[in-house]
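Source file: start-v3.cif. Holds: mmCIF, C-alpha atoms.
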data_model
#
loop_
_atom_site.label_atom_id
_atom_site.label_comp_id
_atom_site.auth_asym_id
_atom_site.auth_seq_id
_atom_site.Cartn_x
_atom_site.Cartn_y
_atom_site.Cartn_z
CA GLN Y 242 -23.36 -44.05 -24.98
CA VAL Y 243 -21.35 -40.90 -24.40
CA GLN Y 244 -21.56 -38.06 -26.91
CA LEU Y 245 -18.89 -35.38 -27.25
CA VAL Y 246 -19.07 -31.71 -28.21
CA GLU Y 247 -16.05 -29.46 -28.66
CA SER Y 248 -16.07 -25.69 -28.19
CA GLY Y 249 -13.63 -22.81 -27.83
CA GLY Y 250 -12.18 -22.69 -31.32
CA GLY Y 251 -11.79 -19.48 -33.24
CA LEU Y 252 -9.41 -17.06 -34.91
CA VAL Y 253 -6.30 -15.98 -33.01
CA GLN Y 254 -3.06 -14.23 -33.94
CA ASP Y 255 0.34 -15.85 -34.03
CA GLY Y 256 1.53 -16.25 -30.42
CA GLY Y 257 -1.96 -16.13 -28.97
CA SER Y 258 -3.84 -18.61 -26.80
CA LEU Y 259 -7.08 -20.55 -26.89
CA ARG Y 260 -8.72 -23.02 -24.55
CA LEU Y 261 -10.72 -25.80 -26.13
CA SER Y 262 -13.37 -27.69 -24.21
CA CYS Y 263 -14.76 -31.17 -24.78
CA THR Y 264 -17.97 -31.86 -22.89
CA ALA Y 265 -19.57 -35.27 -22.59
CA SER Y 266 -23.27 -35.98 -22.45
CA GLY Y 267 -25.17 -39.22 -22.11
CA ARG Y 268 -22.81 -40.49 -19.45
CA THR Y 269 -19.66 -39.31 -17.71
CA PHE Y 270 -16.05 -39.63 -18.84
CA ASP Y 271 -15.46 -42.13 -16.00
CA GLY Y 272 -13.35 -45.00 -17.28
CA TYR Y 273 -12.51 -43.34 -20.57
CA ASP Y 274 -9.22 -42.09 -21.91
CA VAL Y 275 -9.77 -38.77 -23.69
CA GLY Y 276 -7.62 -37.40 -26.46
CA TRP Y 277 -7.36 -34.37 -28.68
CA PHE Y 278 -6.57 -34.72 -32.36
CA ARG Y 279 -6.38 -32.26 -35.23
CA GLN Y 280 -6.66 -32.30 -38.99
CA ALA Y 281 -5.32 -29.54 -41.22
CA PRO Y 282 -6.50 -29.12 -44.83
CA GLY Y 283 -4.94 -31.74 -47.07
CA LYS Y 284 -3.33 -33.58 -44.16
CA GLU Y 285 -4.12 -36.66 -42.15
CA ARG Y 286 -5.61 -36.45 -38.68
CA GLU Y 287 -2.86 -36.38 -36.05
CA PHE Y 288 -2.63 -36.90 -32.32
CA VAL Y 289 -2.18 -33.81 -30.14
CA ALA Y 290 -2.67 -34.78 -26.49
CA ALA Y 291 -4.40 -37.31 -24.25
CA THR Y 292 -5.27 -37.93 -20.65
CA THR Y 293 -5.65 -41.50 -19.47
CA TRP Y 294 -8.24 -42.61 -16.95
CA THR Y 295 -6.53 -45.38 -14.99
CA VAL Y 296 -3.21 -43.71 -14.21
CA GLY Y 297 -4.00 -40.10 -15.06
CA ASN Y 298 -1.07 -39.81 -17.44
CA LYS Y 299 -0.90 -36.87 -19.80
CA LEU Y 300 0.58 -37.48 -23.21
CA TYR Y 301 1.60 -34.94 -25.82
CA SER Y 302 2.81 -34.88 -29.38
CA ASN Y 303 6.21 -33.33 -29.96
CA SER Y 304 4.57 -30.25 -31.47
CA ALA Y 305 2.32 -29.79 -28.42
CA LYS Y 306 4.90 -30.33 -25.68
CA GLY Y 307 5.66 -27.17 -23.75
CA ARG Y 308 2.85 -25.19 -25.40
CA PHE Y 309 -0.37 -27.16 -24.82
CA ALA Y 310 -1.81 -28.58 -21.62
CA ILE Y 311 -4.61 -31.11 -21.26
CA SER Y 312 -6.74 -31.30 -18.13
CA ARG Y 313 -10.02 -32.81 -17.04
CA ASP Y 314 -12.75 -31.58 -14.70
CA ASN Y 315 -14.75 -34.62 -13.61
CA VAL Y 316 -17.39 -32.46 -11.90
CA LYS Y 317 -18.10 -30.58 -15.13
CA ASN Y 318 -17.57 -33.71 -17.22
CA THR Y 319 -15.25 -31.71 -19.43
CA VAL Y 320 -11.73 -32.11 -20.78
CA TYR Y 321 -9.77 -29.00 -21.72
CA LEU Y 322 -6.91 -28.27 -24.06
CA GLN Y 323 -5.10 -25.06 -23.17
CA MET Y 324 -3.10 -23.93 -26.18
CA ASN Y 325 -0.45 -21.24 -25.78
CA SER Y 326 2.11 -19.74 -28.15
CA LEU Y 327 -0.03 -20.73 -31.11
CA LYS Y 328 1.52 -20.81 -34.55
CA PRO Y 329 -0.03 -20.67 -38.03
CA GLU Y 330 0.85 -24.36 -38.45
CA ASP Y 331 -1.52 -25.14 -35.56
CA THR Y 332 -4.42 -24.17 -37.82
CA ALA Y 333 -6.72 -27.18 -38.08
CA VAL Y 334 -10.02 -28.68 -37.04
CA TYR Y 335 -9.55 -30.00 -33.52
CA TYR Y 336 -11.43 -33.10 -32.39
CA CYS Y 337 -11.79 -34.73 -29.03
CA ALA Y 338 -12.22 -38.46 -28.75
CA ALA Y 339 -12.91 -40.94 -25.98
CA GLY Y 340 -12.24 -44.62 -25.64
CA ILE Y 341 -11.05 -47.46 -23.46
CA ASN Y 342 -7.29 -48.09 -23.34
CA ARG Y 343 -6.79 -45.35 -25.95
CA ARG Y 344 -8.90 -47.14 -28.53
CA TYR Y 345 -10.73 -43.97 -29.46
CA ASP Y 346 -14.11 -44.85 -30.93
CA ILE Y 347 -16.25 -41.91 -29.83
CA TRP Y 348 -15.60 -38.63 -31.61
CA GLY Y 349 -16.94 -35.10 -31.46
CA PRO Y 350 -17.80 -33.05 -34.56
CA GLY Y 351 -14.71 -30.83 -34.21
CA THR Y 352 -13.99 -27.14 -33.72
CA GLN Y 353 -12.00 -24.92 -36.08
CA VAL Y 354 -8.83 -23.22 -34.87
CA THR Y 355 -7.25 -20.63 -37.17
CA VAL Y 356 -3.98 -18.92 -36.33
CA SER Y 357 -3.16 -15.88 -38.45
CA SER Y 358 0.39 -14.76 -39.11
#
Go ahead and express the file in the form of structure tokens.
Amino acid sequence: QVQLVESGGGLVQDGGSLRLSCTASGRTFDGYDVGWFRQAPGKEREFVAATTWTVGNKLYSNSAKGRFAISRDNVKNTVYLQMNSLKPEDTAVYYCAAGINRRYDIWGPGTQVTVSS
């Protein structure tokens, strides 16, 4: 069973950048779709971005398009989320998740991203 750990969160100013990492252990990401989600205080968890295994598609929420980029390094068994032009409304706990055919059933513990105005 694969286990996920996120890293790279922190405090950044409005307009800044962060790169989040999601590293798998226990087995590789081979065959899995991997997505990034976030949850802000008092709000529901929402989809941010995903990379699919079979076709290699990259999917983004409307709020992430043009600012965030998802990528995967199969050698390092890591999926990245490069976040640019960050805004205070991007403040949330960011989670990565893995699953087959985007049925995400394996989740990491999350990493906090705080964007100050």
* Picked residues, the PyMOL selection byres ((chain Y and resi 334) around 7), expected as a ChimeraX atom specification -> /Y:279-281,333,335-336,351-354
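Against this structure, the PyMOL selection byres ((chain Y and resi 257) around 12) ends up with Gly251, Leu252, Val253, Gln254, Asp255, Gly256, Ser258, Leu259, Arg260, Arg308, Phe309, Gln323, Met324, Asn325, Ser326, Leu327, Lys328, Pro329, Asp331, Val354, Thr355, Val356, Ser357 and Ser358 of chain Y.
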* Work out how far apart atom CA of Gln242 of chain Y and atom CA of Ser266 of chain Y are and give it in Å to one decimal. => 8.5 Å
* Quick one: residues within 8 Å of (-14.8, -34.6, -16.5) (file frame), counting all atoms listed in the file, please, as a PyMOL selection string. => chain Y and resi 264-265+269-271+313-320
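Checking Y:Gly250, Y:Gly297, Y:Gly307, Y:Gly349 one by one against Tyr273 of chain Y, counting all atoms listed in the file, you find the shortest gap at Y:Gly297.
The set of residues that the PyMOL selection byres ((chain Y and resi 261) around 6) takes from this file is Ser248, Gly249, Arg260, Ser262, Tyr321 and Leu322 of chain Y.
The smallest atom-to-atom distance between Ser302 of chain Y and any of Y:Cys263, Y:Ile347, Y:Val243, Y:Ala290, using only C-alpha atoms, is found for Y:Ala290.
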* Asked: Between atom CA of Ser312 of chain Y and atom CA of Ala291 of chain Y, what is the spacing in Å?
  -> 8.9 Å
* To do: Give the answer as one residue: which of Y:Pro282, Y:Ala310, Y:Val289, Y:Gln244 has the shortest atom-to-atom distance to Ala339 of chain Y, using all atoms listed in the file?
  => Y:Gln244
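Using all atoms listed in the file, the nearest neighbour of Thr332 of chain Y within the list Y:Tyr345, Y:Asn298, Y:Thr292, Y:Gly283 is Y:Gly283.
Of the listed residues (Y:Val275, Y:Pro350, Y:Ile311, Y:Arg268), Y:Val275 comes nearest to Trp294 of chain Y; the distances count all atoms listed in the file.
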* To do: Work out how far apart atom CA of Gly340 of chain Y and atom CA of Ala305 of chain Y are and give it in Å to one decimal.
  => 21.0 Å
* To do: Could you check which of Y:Glu330, Y:Tyr301, Y:Asn342, Y:Val296 is closest to Trp277 of chain Y, using all atoms listed in the file?
  => Y:Tyr301
